[in-house]
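Data from input-v6.txt: compact mmCIF, C-alpha atoms and all ligand atoms
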# COMPACT_ATOMS: atom_id res chain seq x y z
CA MET S 294 14.96 24.08 31.79
CA LEU S 295 16.44 25.31 28.53
CA GLU S 296 18.78 28.27 28.41
CA ALA S 297 19.53 30.83 25.74
CA GLN S 298 22.04 33.65 25.60
CA THR S 299 21.77 34.71 22.00
CA ARG S 300 19.05 35.83 19.66
CA GLU S 301 19.52 32.70 17.52
CA GLN S 302 19.28 30.31 20.47
CA LEU S 303 16.12 32.02 21.68
CA ARG S 304 14.56 32.14 18.21
CA ALA S 305 15.19 28.43 17.62
CA VAL S 306 13.30 27.42 20.76
CA VAL S 307 10.50 29.95 20.29
CA SER S 308 9.97 28.85 16.66
CA ASN S 309 9.63 25.23 17.77
CA TRP S 310 7.06 26.15 20.35
CA ARG S 311 5.18 28.32 17.87
CA ARG S 312 5.08 25.50 15.31
CA ALA S 313 3.56 23.28 18.00
CA GLY S 314 0.87 25.94 18.54
CA GLN S 315 2.01 26.72 22.06
CA LYS S 316 1.27 29.95 23.84
CA ILE S 317 4.31 31.75 25.24
CA ALA S 318 4.63 33.94 28.34
CA LEU S 319 7.56 36.24 29.06
CA VAL S 320 8.59 37.24 32.59
CA PRO S 321 11.21 40.03 32.37
CA THR S 322 13.45 40.37 35.44
CA MET S 323 16.81 41.69 36.54
CA GLY S 324 17.50 38.52 38.55
CA ASN S 325 18.25 38.07 42.24
CA LEU S 326 14.93 36.32 42.25
CA HIS S 327 12.61 36.10 45.24
CA GLU S 328 9.05 34.94 45.89
CA GLY S 329 7.70 38.05 44.14
CA HIS S 330 9.36 37.05 40.87
CA LEU S 331 8.29 33.45 41.36
CA ALA S 332 4.67 34.60 41.72
CA LEU S 333 5.02 36.08 38.22
CA VAL S 334 6.29 32.73 36.93
CA ALA S 335 3.32 30.98 38.58
CA ALA S 336 0.92 33.48 36.99
CA ALA S 337 2.62 32.93 33.63
CA ARG S 338 1.98 29.21 34.01
CA GLU S 339 -1.77 29.92 34.26
CA GLN S 340 -1.71 31.96 31.07
CA ALA S 341 0.55 30.07 28.71
CA ASP S 342 2.03 26.71 27.72
CA ARG S 343 5.63 27.89 27.85
CA ILE S 344 7.38 30.36 30.11
CA ILE S 345 10.46 32.38 29.28
CA THR S 346 12.10 34.24 32.16
CA SER S 347 14.68 36.81 31.19
CA ILE S 348 17.42 38.01 33.50
CA TYR S 349 19.19 41.16 32.41
CA VAL S 350 20.42 44.00 34.59
CA ASN S 351 19.63 46.83 32.23
CA PRO S 352 22.21 49.64 32.43
CA ALA S 353 19.92 52.06 30.57
CA GLN S 354 17.41 52.25 33.42
CA PHE S 355 19.95 53.15 36.10
CA ALA S 356 20.93 56.79 36.45
CA GLU S 357 24.44 57.95 37.24
CA GLY S 358 25.13 57.25 40.92
CA GLU S 359 22.45 54.57 41.26
CA ASP S 360 23.18 50.98 42.25
CA PHE S 361 23.88 49.43 38.82
CA GLY S 362 27.40 48.36 39.83
CA ARG S 363 26.35 46.73 43.08
CA TYR S 364 22.97 45.40 41.95
CA PRO S 365 22.93 41.79 43.24
CA ARG S 366 23.81 39.24 40.55
CA THR S 367 23.02 35.71 41.71
CA LEU S 368 22.64 33.70 38.53
CA GLU S 369 23.23 30.21 39.91
CA GLN S 370 20.70 30.69 42.70
CA ASP S 371 18.21 32.21 40.23
CA ARG S 372 18.66 29.28 37.87
CA GLN S 373 17.83 26.80 40.63
CA GLN S 374 14.73 28.71 41.67
CA LEU S 375 13.49 28.92 38.08
CA ARG S 376 14.06 25.21 37.57
CA ALA S 377 12.03 24.47 40.71
CA ALA S 378 9.28 26.82 39.47
CA HIS S 379 9.12 24.91 36.14
CA CYS S 380 10.22 27.78 33.98
CA ASP S 381 10.81 26.43 30.46
CA LEU S 382 13.55 28.76 29.26
CA LEU S 383 15.97 31.09 30.98
CA PHE S 384 17.11 33.90 28.70
CA THR S 385 20.26 35.70 29.85
CA PRO S 386 21.29 38.04 27.05
CA SER S 387 24.63 39.84 27.18
CA ASP S 388 24.90 43.62 26.76
CA GLN S 389 25.99 42.91 23.21
CA ILE S 390 22.65 41.23 22.42
CA ILE S 391 20.52 43.99 23.92
CA TYR S 392 22.68 46.97 22.95
CA PRO S 393 24.89 45.90 20.00
CA HIS S 394 26.41 49.40 19.84
CA GLY S 395 26.40 50.04 23.58
CA PRO S 396 23.57 51.58 25.63
CA GLY S 397 24.94 55.07 25.00
CA ASP S 398 24.63 54.84 21.23
CA SER S 399 21.54 52.72 20.86
CA THR S 400 18.20 53.42 19.27
CA SER S 401 15.96 53.91 22.28
CA LEU S 402 12.40 54.66 23.21
CA ARG S 403 10.95 57.53 25.15
CA ALA S 404 8.24 56.51 27.59
CA ALA S 405 5.00 58.53 27.53
CA PRO S 406 5.97 61.75 29.38
CA SER S 407 2.71 62.18 31.30
CA LEU S 408 3.24 58.75 32.86
CA ALA S 409 7.01 58.66 33.07
CA ASN S 410 8.07 62.09 34.31
CA ILE S 411 6.17 62.00 37.61
CA LEU S 412 6.59 60.01 40.84
CA GLU S 413 9.54 57.61 40.26
CA GLY S 414 10.39 59.40 37.03
CA ALA S 415 10.68 62.79 38.75
CA SER S 416 13.42 61.40 41.00
CA ARG S 417 14.95 59.07 38.45
CA PRO S 418 15.03 61.00 35.16
CA GLY S 419 15.22 58.70 32.15
CA HIS S 420 14.49 55.60 34.21
CA PHE S 421 11.30 54.64 32.36
CA ASP S 422 12.88 55.40 28.97
CA GLY S 423 15.44 52.76 29.88
CA VAL S 424 12.72 50.37 31.02
CA VAL S 425 10.58 50.63 27.88
CA THR S 426 13.68 50.45 25.68
CA VAL S 427 14.75 47.12 27.16
CA VAL S 428 11.23 45.71 27.49
CA ALA S 429 10.50 46.42 23.81
CA ARG S 430 13.72 44.63 22.84
CA LEU S 431 12.73 41.65 24.99
CA PHE S 432 9.27 41.63 23.39
CA ASN S 433 10.88 41.68 19.94
CA LEU S 434 13.32 38.90 20.79
CA ALA S 435 10.85 36.57 22.50
CA SER S 436 7.61 37.57 20.72
CA PRO S 437 5.47 36.38 23.62
CA ASP S 438 1.67 36.13 23.69
CA VAL S 439 1.59 37.47 27.22
CA ALA S 440 4.07 39.31 29.42
CA VAL S 441 3.85 39.33 33.20
CA PHE S 442 4.65 42.33 35.42
CA GLY S 443 4.34 42.94 39.17
CA GLU S 444 2.04 45.51 40.72
CA LYS S 445 4.92 46.21 43.11
CA ASP S 446 6.17 48.57 40.39
CA TRP S 447 2.79 50.07 39.60
CA GLN S 448 4.10 52.98 37.57
CA GLN S 449 6.27 50.63 35.52
CA LEU S 450 3.21 48.48 34.83
CA VAL S 451 1.25 51.52 33.61
CA VAL S 452 4.17 52.79 31.50
CA VAL S 453 4.78 49.37 29.91
CA ARG S 454 1.08 48.90 29.22
CA ARG S 455 1.05 52.22 27.36
CA MET S 456 4.20 51.35 25.41
CA THR S 457 2.62 48.05 24.38
CA GLU S 458 -0.49 49.85 23.16
CA ASP S 459 1.41 52.72 21.48
CA LEU S 460 3.78 50.41 19.59
CA GLY S 461 0.97 48.06 18.61
CA TYR S 462 2.31 44.85 20.11
CA SER S 463 -0.30 42.14 20.02
CA LEU S 464 0.39 40.76 23.43
CA ARG S 465 -1.39 40.93 26.74
CA ILE S 466 0.14 42.40 29.88
CA ILE S 467 -0.73 40.38 32.97
CA PRO S 468 -0.43 42.16 36.35
CA VAL S 469 0.43 40.19 39.50
CA ALA S 470 -0.30 41.34 43.06
CA THR S 471 2.64 42.32 45.26
CA VAL S 472 4.20 39.58 47.35
CA ARG S 473 5.16 40.75 50.84
CA GLY S 474 7.15 39.54 53.80
CA PRO S 475 5.40 38.77 57.10
CA GLY S 476 5.76 42.40 58.26
CA GLY S 477 4.15 43.74 55.09
CA LEU S 478 7.37 44.88 53.41
CA ALA S 479 7.10 44.28 49.66
CA LEU S 480 9.76 41.78 48.62
CA SER S 481 12.49 43.47 46.62
CA SER S 482 16.03 42.67 45.57
CA ARG S 483 17.00 45.96 47.22
CA ASN S 484 15.74 44.83 50.66
CA ARG S 485 19.07 43.10 51.09
CA TYR S 486 20.65 46.55 51.43
CA LEU S 487 18.63 47.06 54.66
CA ASP S 488 20.26 46.08 57.91
CA ILE S 489 18.25 44.40 60.63
CA ALA S 490 17.78 47.65 62.58
CA GLN S 491 16.17 49.31 59.53
CA GLN S 492 13.63 46.52 59.02
CA PRO S 493 10.88 47.73 61.42
CA ALA S 494 10.83 51.24 59.93
CA ALA S 495 10.82 49.82 56.41
CA GLU S 496 7.76 47.79 57.34
CA GLN S 497 6.01 51.00 58.34
CA LEU S 498 5.96 52.01 54.69
CA ASN S 499 3.27 49.42 54.01
CA ALA S 500 1.47 50.10 57.30
CA VAL S 501 1.20 53.82 56.50
CA LEU S 502 0.05 53.12 52.94
CA ARG S 503 -2.63 50.78 54.28
CA TRP S 504 -3.81 53.53 56.59
CA ALA S 505 -3.82 56.10 53.79
CA ALA S 506 -5.62 53.80 51.32
CA GLU S 507 -8.37 53.10 53.85
CA ARG S 508 -8.78 56.78 54.73
CA VAL S 509 -8.92 57.92 51.11
CA ALA S 510 -11.45 55.18 50.30
CA ALA S 511 -13.65 56.48 53.12
CA ILE S 512 -13.17 60.24 52.58
CA PRO S 513 -11.72 60.87 49.10
CA GLY S 514 -12.31 64.62 49.45
CA GLN S 515 -9.64 64.69 52.15
CA ARG S 516 -6.99 63.24 49.84
CA ALA S 517 -4.49 66.08 50.16
CA ALA S 518 -4.70 66.13 53.97
CA ILE S 519 -4.30 62.35 54.10
CA GLU S 520 -1.21 62.54 51.87
CA ARG S 521 0.27 65.15 54.21
CA GLU S 522 -0.51 63.07 57.29
CA ALA S 523 0.98 59.94 55.66
CA HIS S 524 4.11 61.96 54.84
CA GLY S 525 4.43 62.98 58.50
CA ARG S 526 3.89 59.43 59.74
CA LEU S 527 6.60 58.06 57.45
CA GLU S 528 9.03 60.76 58.58
CA ARG S 529 8.28 60.03 62.22
CA HIS S 530 9.41 56.46 61.55
CA GLY S 531 12.75 57.83 60.37
CA LEU S 532 12.05 57.37 56.66
CA ARG S 533 12.98 60.17 54.28
CA VAL S 534 10.00 60.67 52.04
CA ASP S 535 10.44 61.15 48.31
CA TYR S 536 6.70 61.13 47.58
CA VAL S 537 3.46 59.77 48.89
CA GLN S 538 0.67 60.41 46.48
CA VAL S 539 -2.80 59.23 45.57
CA VAL S 540 -3.42 58.99 41.83
CA ARG S 541 -5.93 57.53 39.41
CA ALA S 542 -4.84 53.88 39.16
CA GLU S 543 -5.01 53.42 35.40
CA ASP S 544 -3.11 56.49 34.22
CA LEU S 545 -1.57 58.03 37.35
CA ALA S 546 -3.52 61.27 36.77
CA GLU S 547 -4.77 63.46 39.56
CA PRO S 548 -8.05 61.87 40.70
CA GLU S 549 -11.35 63.47 39.75
CA PRO S 550 -14.30 63.28 42.14
CA ARG S 551 -15.95 60.62 39.95
CA ASP S 552 -12.90 58.31 39.90
CA ARG S 553 -13.30 55.10 41.90
CA ASP S 554 -10.08 53.18 41.25
CA LEU S 555 -7.25 55.05 42.88
CA ARG S 556 -3.79 53.97 43.92
CA VAL S 557 -1.62 55.31 46.70
CA LEU S 558 2.07 55.23 45.81
CA ALA S 559 5.11 56.07 47.88
CA ALA S 560 8.89 56.10 47.73
CA VAL S 561 11.05 56.56 50.80
CA TRP S 562 14.68 56.30 51.75
CA SER S 563 15.75 54.17 54.66
CA GLY S 564 19.36 55.26 55.01
CA THR S 565 20.81 54.80 51.54
CA THR S 566 18.15 52.32 50.42
CA ARG S 567 15.25 53.50 48.30
CA LEU S 568 12.00 51.63 48.91
CA ILE S 569 8.79 51.87 46.90
CA ASP S 570 5.35 50.47 47.51
CA ASN S 571 1.75 51.07 46.50
CA LEU S 572 -1.75 49.89 47.32
CA PRO S 573 -5.12 49.99 45.63
CA CYS S 574 -7.73 52.31 46.99
CA HIS S 575 -11.31 51.68 45.88
CA VAL S 576 -13.71 54.51 46.57
CA ALA S 577 -17.19 53.12 47.22
P1 LIG Y 1 12.88 43.47 38.67
O1 LIG Y 1 13.00 44.52 39.70
O2 LIG Y 1 13.78 42.28 38.72
O3 LIG Y 1 11.39 42.95 38.69
C1 LIG Y 1 10.95 42.03 37.73
C2 LIG Y 1 9.45 41.90 37.87
O4 LIG Y 1 9.12 41.38 39.16
C3 LIG Y 1 8.72 43.25 37.74
O5 LIG Y 1 7.55 43.09 36.96
C4 LIG Y 1 8.39 43.58 39.19
O6 LIG Y 1 7.26 44.41 39.33
C5 LIG Y 1 8.14 42.20 39.75
N1 LIG Y 1 8.27 42.17 41.22
C6 LIG Y 1 9.33 42.59 41.95
N2 LIG Y 1 9.06 42.45 43.27
C7 LIG Y 1 7.82 41.95 43.37
C8 LIG Y 1 6.97 41.59 44.47
N3 LIG Y 1 7.35 41.74 45.72
N4 LIG Y 1 5.73 41.11 44.20
C9 LIG Y 1 5.32 40.97 42.90
N5 LIG Y 1 6.08 41.29 41.82
C10 LIG Y 1 7.30 41.77 42.05
O7 LIG Y 1 11.24 45.48 37.19
C11 LIG Y 1 12.31 45.13 36.70
O8 LIG Y 1 13.08 44.10 37.19
C12 LIG Y 1 12.89 45.78 35.44
O9 LIG Y 1 12.52 47.13 35.41
C13 LIG Y 1 12.46 45.07 34.14
C14 LIG Y 1 10.94 45.11 33.94
C15 LIG Y 1 12.96 43.61 34.13
C16 LIG Y 1 13.11 45.80 32.93
O10 LIG Y 1 14.49 45.82 33.07

Just give me the structure of the file as structure tokens.
Amino acid sequence: MLEAQTREQLRAVVSNWRRAGQKIALVPTMGNLHEGHLALVAAAREQADRIITSIYVNPAQFAEGEDFGRYPRTLEQDRQQLRAAHCDLLFTPSDQIIYPHGPGDSTSLRAAPSLANILEGASRPGHFDGVVTVVARLFNLASPDVAVFGEKDWQQLVVVRRMTEDLGYSLRIIPVATVRGPGGLALSSRNRYLDIAQQPAAEQLNAVLRWAAERVAAIPGQRAAIEREAHGRLERHGLRVDYVQVVRAEDLAEPEPRDRDLRVLAAVWSGTTRLIDNLPCHVA
């Protein structure tokens, strides 16, 4: 596996691949890789000849008081996993490469407000601005043909898809289904903040979403009541609910009676750990 830290190192490799007519996939991550990330690398393999995985813990998408400082950084472990997954290039830019003048004084993007100011964005103001700002930089640096994102972060996927369209990138966004642990908990780097006693309740997040998705699929007219009941169920499991909401899958809008592809999304707190999850909900 090749490695690059700078723009020049990355460009040199990418230009070689381009000259050889090879198709390039980018998998953006913040590291501390798990099977969810590796599923993205496997999906990238299906779509392209060469895979670039980036690891960069992006300060611009963490709000004041969030876990930027203690976000797990496990580069050596990540490197080994990527090697085993046959990633072709690991890109680990420094802050200086991504934000030459510092994140506070950089030229940045604003994510589409209708997508970015709700759900996660309502609780984490500016989060998606930080995400699209870094993802656009990574797209510019790597100029991939495809970029792979997890459905685990459904809202991020929708926001990035819109940014890609709005800015006219000619690349395809490939979504990958959420990888879960045996109890249904979506794999996440933040799961390591959970202690063993919090695990069963955390697993209820997925169980309740499964229940809600099935109910809404069967009786979409009862959506609001189902959201309320899901809220209550999560609280009864000791989870503090930030939101549990059914939206139109493609643009997170409030569903209309004719909409078929919905998505139920939730964020909860288990102690000091914020967990998110979502599931598709197809109305027959
Ligand atoms: P990170 O949380 O490291 O996630 C990187 C990618 O892995 C994202 O596309 C995310 O949706 C996906 N992913 C995480 N857990 C997953 C799981 N259990 N199953 C499937 N995919 C999963 O998301 C980010 O980093 C950042 O916001 C980033 C896009 C890199 C921009 O900084």

Check your understanding: Pick the closest to S:Ala377 from S:Ala506, S:Glu357, S:Leu331, S:Pro406: which is it, counting all atoms listed in the file?
Key -> S:Leu331

Check your understanding: By how many Å are atom CA of S:Asp544 and atom CA of S:Leu408 apart?
Key ->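 If I compute the distance from atom CA of S:Asp544 to atom CA of S:Leu408, I get 6.9 Å.
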
**Study point:** Between atom CA of S:Val469 and atom CA of S:Val441, distance in Å (one decimal)
**Key:**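 Those two atoms sit 7.2 Å apart.
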
How close does each residue of chain S get to ligand LIG 1 (chain Y), giving the shortest atom pair and distance in Å to one decimal for every residue with an atom at most 9 Å away, counting all atoms listed in the file, sorted by chain and residue number, as JSON lines?
{"residue": "S:Val320", "atom": "CA", "partner": "Y:LIG1", "partner_atom": "C2", "distance": 7.1}
{"residue": "S:Pro321", "atom": "CA", "partner": "Y:LIG1", "partner_atom": "C15", "distance": 4.4}
{"residue": "S:Thr322", "atom": "CA", "partner": "Y:LIG1", "partner_atom": "C15", "distance": 3.5}
{"residue": "S:Met323", "atom": "CA", "partner": "Y:LIG1", "partner_atom": "O2", "distance": 3.8}
{"residue": "S:Gly324", "atom": "CA", "partner": "Y:LIG1", "partner_atom": "O2", "distance": 5.3}
{"residue": "S:Asn325", "atom": "CA", "partner": "Y:LIG1", "partner_atom": "O2", "distance": 7.1}
{"residue": "S:Leu326", "atom": "CA", "partner": "Y:LIG1", "partner_atom": "O2", "distance": 7.0}
{"residue": "S:His327", "atom": "CA", "partner": "Y:LIG1", "partner_atom": "N2", "distance": 7.5}
{"residue": "S:Glu328", "atom": "CA", "partner": "Y:LIG1", "partner_atom": "N3", "distance": 7.0}
{"residue": "S:Gly329", "atom": "CA", "partner": "Y:LIG1", "partner_atom": "C8", "distance": 3.6}
{"residue": "S:His330", "atom": "CA", "partner": "Y:LIG1", "partner_atom": "O4", "distance": 4.7}
{"residue": "S:Leu331", "atom": "CA", "partner": "Y:LIG1", "partner_atom": "N5", "distance": 8.2}
{"residue": "S:Ala332", "atom": "CA", "partner": "Y:LIG1", "partner_atom": "C9", "distance": 6.5}
{"residue": "S:Leu333", "atom": "CA", "partner": "Y:LIG1", "partner_atom": "N5", "distance": 6.4}
{"residue": "S:Ser347", "atom": "CA", "partner": "Y:LIG1", "partner_atom": "C15", "distance": 7.6}
{"residue": "S:Ile348", "atom": "CA", "partner": "Y:LIG1", "partner_atom": "C15", "distance": 7.2}
{"residue": "S:Tyr349", "atom": "CA", "partner": "Y:LIG1", "partner_atom": "O10", "distance": 6.7}
{"residue": "S:Val350", "atom": "CA", "partner": "Y:LIG1", "partner_atom": "O10", "distance": 6.4}
{"residue": "S:Asn351", "atom": "CA", "partner": "Y:LIG1", "partner_atom": "O10", "distance": 5.3}
{"residue": "S:Pro352", "atom": "CA", "partner": "Y:LIG1", "partner_atom": "O10", "distance": 8.6}
{"residue": "S:Ala353", "atom": "CA", "partner": "Y:LIG1", "partner_atom": "O10", "distance": 8.6}
{"residue": "S:Gln354", "atom": "CA", "partner": "Y:LIG1", "partner_atom": "O10", "distance": 7.1}
{"residue": "S:His420", "atom": "CA", "partner": "Y:LIG1", "partner_atom": "O9", "distance": 8.8}
{"residue": "S:Phe421", "atom": "CA", "partner": "Y:LIG1", "partner_atom": "O9", "distance": 8.2}
{"residue": "S:Gly423", "atom": "CA", "partner": "Y:LIG1", "partner_atom": "O10", "distance": 7.7}
{"residue": "S:Val424", "atom": "CA", "partner": "Y:LIG1", "partner_atom": "C16", "distance": 5.0}
{"residue": "S:Val425", "atom": "CA", "partner": "Y:LIG1", "partner_atom": "C16", "distance": 7.4}
{"residue": "S:Thr426", "atom": "CA", "partner": "Y:LIG1", "partner_atom": "C16", "distance": 8.6}
{"residue": "S:Val427", "atom": "CA", "partner": "Y:LIG1", "partner_atom": "O10", "distance": 6.1}
{"residue": "S:Val428", "atom": "CA", "partner": "Y:LIG1", "partner_atom": "C16", "distance": 5.8}
{"residue": "S:Leu431", "atom": "CA", "partner": "Y:LIG1", "partner_atom": "C16", "distance": 9.0}
{"residue": "S:Val441", "atom": "CA", "partner": "Y:LIG1", "partner_atom": "O5", "distance": 6.5}
{"residue": "S:Phe442", "atom": "CA", "partner": "Y:LIG1", "partner_atom": "O5", "distance": 3.4}
{"residue": "S:Gly443", "atom": "CA", "partner": "Y:LIG1", "partner_atom": "O6", "distance": 3.3}
{"residue": "S:Glu444", "atom": "CA", "partner": "Y:LIG1", "partner_atom": "O6", "distance": 5.5}
{"residue": "S:Lys445", "atom": "CA", "partner": "Y:LIG1", "partner_atom": "O6", "distance": 4.8}
{"residue": "S:Asp446", "atom": "CA", "partner": "Y:LIG1", "partner_atom": "O6", "distance": 4.4}
{"residue": "S:Trp447", "atom": "CA", "partner": "Y:LIG1", "partner_atom": "O6", "distance": 7.2}
{"residue": "S:Gln449", "atom": "CA", "partner": "Y:LIG1", "partner_atom": "O9", "distance": 7.2}
{"residue": "S:Leu450", "atom": "CA", "partner": "Y:LIG1", "partner_atom": "O5", "distance": 7.2}
{"residue": "S:Val453", "atom": "CA", "partner": "Y:LIG1", "partner_atom": "C14", "distance": 8.5}
{"residue": "S:Pro468", "atom": "CA", "partner": "Y:LIG1", "partner_atom": "O5", "distance": 8.1}
{"residue": "S:Val469", "atom": "CA", "partner": "Y:LIG1", "partner_atom": "C9", "distance": 6.0}
{"residue": "S:Ala470", "atom": "CA", "partner": "Y:LIG1", "partner_atom": "C9", "distance": 5.6}
{"residue": "S:Thr471", "atom": "CA", "partner": "Y:LIG1", "partner_atom": "N4", "distance": 3.5}
{"residue": "S:Val472", "atom": "CA", "partner": "Y:LIG1", "partner_atom": "N4", "distance": 3.8}
{"residue": "S:Arg473", "atom": "CA", "partner": "Y:LIG1", "partner_atom": "N3", "distance": 5.7}
{"residue": "S:Gly474", "atom": "CA", "partner": "Y:LIG1", "partner_atom": "N3", "distance": 8.4}
{"residue": "S:Leu478", "atom": "CA", "partner": "Y:LIG1", "partner_atom": "N3", "distance": 8.3}
{"residue": "S:Ala479", "atom": "CA", "partner": "Y:LIG1", "partner_atom": "N3", "distance": 4.7}
{"residue": "S:Leu480", "atom": "CA", "partner": "Y:LIG1", "partner_atom": "N3", "distance": 3.8}
{"residue": "S:Ser481", "atom": "CA", "partner": "Y:LIG1", "partner_atom": "N2", "distance": 4.9}
{"residue": "S:Ser482", "atom": "CA", "partner": "Y:LIG1", "partner_atom": "O1", "distance": 6.9}
{"residue": "S:Arg483", "atom": "CA", "partner": "Y:LIG1", "partner_atom": "O1", "distance": 8.6}

Point to revise | Spatial sel., origin (5.7, 34.7, 26.4), limit 8 Å, only C-alpha atoms, listed as a ChimeraX atom specification | key: /S:316-320,341,343-345,435-440

Review point. Atom CA of S:Ser463 and atom CA of S:Gln315, how far apart in Å?
Key: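 Rounded to one decimal, the two atoms are 15.7 Å apart.
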
Practice item. Rank S:Arg430, S:Ile467, S:Ala495, S:Val509 by their smallest atom-to-atom distance to S:Ser399, using all atoms listed in the file, and report the top residue only. Key: S:Arg430

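Distances from S:Cys380, S:Val539, S:Ala429, S:Ala405 to S:Val334 were compared using all atoms listed in the file, and the smallest one belongs to S:Cys380.
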
Review point. If we count all atoms listed in the file, what is near S:Gln389 at a cut-off of 12 Å, once residues fewer than 4 positions away on the same chain are taken out, given as a ChimeraX atom specification?
Key: /S:298-300,349,351,385,393-396,399

Point to revise | From S:Ala511, S:Ala518, S:Ile390, S:Val501, residue lying nearest S:Leu572 [only C-alpha atoms] | key: S:Val501

Point to revise | All residues 12 Å or closer to S:Leu555, only C-alpha atoms, same chain fewer than 2 positions away omitted, as JSON, numbers by chain | key: {"S": [447, 505, 506, 507, 509, 510, 513, 516, 538, 539, 540, 541, 542, 543, 544, 545, 546, 547, 548, 549, 550, 551, 552, 553, 557, 558, 571, 572, 573, 574, 575, 576, 577]}

Check your understanding: Which one is closest to S:Phe432: S:Thr400, S:Thr566, S:Thr457, S:Gln374? Count only C-alpha atoms.
Key ->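 Comparing S:Thr400, S:Thr566, S:Thr457, S:Gln374 against S:Phe432, the winner is S:Thr457.
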
**Study point:** Selection near S:Gln497, 12 Å with only C-alpha atoms, sequence-local residues under 3 positions removed, as a PyMOL selection string
**Key:** chain S and resi 476-479+491-494+500-505+523-524+526-532+559+561+563+568-570

Mind rebuilding stretch 497-512 of chain S with N, CA and C atoms and writing that out as a compact mmCIF listing (two decimals), in the coordinates of the input?
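New file out-v3.txt:
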# COMPACT_ATOMS: atom_id res chain seq x y z
N GLN S 497 7.01 49.94 58.14
CA GLN S 497 6.01 51.00 58.34
C GLN S 497 5.56 51.61 57.01
N LEU S 498 6.37 51.48 55.99
CA LEU S 498 5.96 52.01 54.69
C LEU S 498 4.63 51.39 54.29
N ASN S 499 4.53 50.08 54.38
CA ASN S 499 3.27 49.42 54.01
C ASN S 499 2.15 49.76 54.99
N ALA S 500 2.50 49.81 56.29
CA ALA S 500 1.47 50.10 57.30
C ALA S 500 0.86 51.49 57.03
N VAL S 501 1.70 52.46 56.74
CA VAL S 501 1.20 53.82 56.50
C VAL S 501 0.38 53.86 55.20
N LEU S 502 0.83 53.14 54.19
CA LEU S 502 0.05 53.12 52.94
C LEU S 502 -1.32 52.46 53.16
N ARG S 503 -1.33 51.43 53.99
CA ARG S 503 -2.63 50.78 54.28
C ARG S 503 -3.57 51.76 54.95
N TRP S 504 -3.00 52.51 55.90
CA TRP S 504 -3.81 53.53 56.59
C TRP S 504 -4.33 54.55 55.58
N ALA S 505 -3.44 55.04 54.74
CA ALA S 505 -3.82 56.10 53.79
C ALA S 505 -4.87 55.58 52.80
N ALA S 506 -4.68 54.35 52.31
CA ALA S 506 -5.62 53.80 51.32
C ALA S 506 -7.02 53.67 51.93
N GLU S 507 -7.07 53.24 53.18
CA GLU S 507 -8.37 53.10 53.85
C GLU S 507 -9.04 54.45 54.06
N ARG S 508 -8.23 55.44 54.48
CA ARG S 508 -8.78 56.78 54.73
C ARG S 508 -9.29 57.40 53.44
N VAL S 509 -8.52 57.30 52.38
CA VAL S 509 -8.92 57.92 51.11
C VAL S 509 -10.17 57.22 50.58
N ALA S 510 -10.25 55.91 50.76
CA ALA S 510 -11.45 55.18 50.30
C ALA S 510 -12.68 55.70 51.03
N ALA S 511 -12.51 56.03 52.30
CA ALA S 511 -13.65 56.48 53.12
C ALA S 511 -13.98 57.95 52.85
N ILE S 512 -12.95 58.80 52.75
CA ILE S 512 -13.17 60.24 52.58
C ILE S 512 -12.25 60.79 51.47
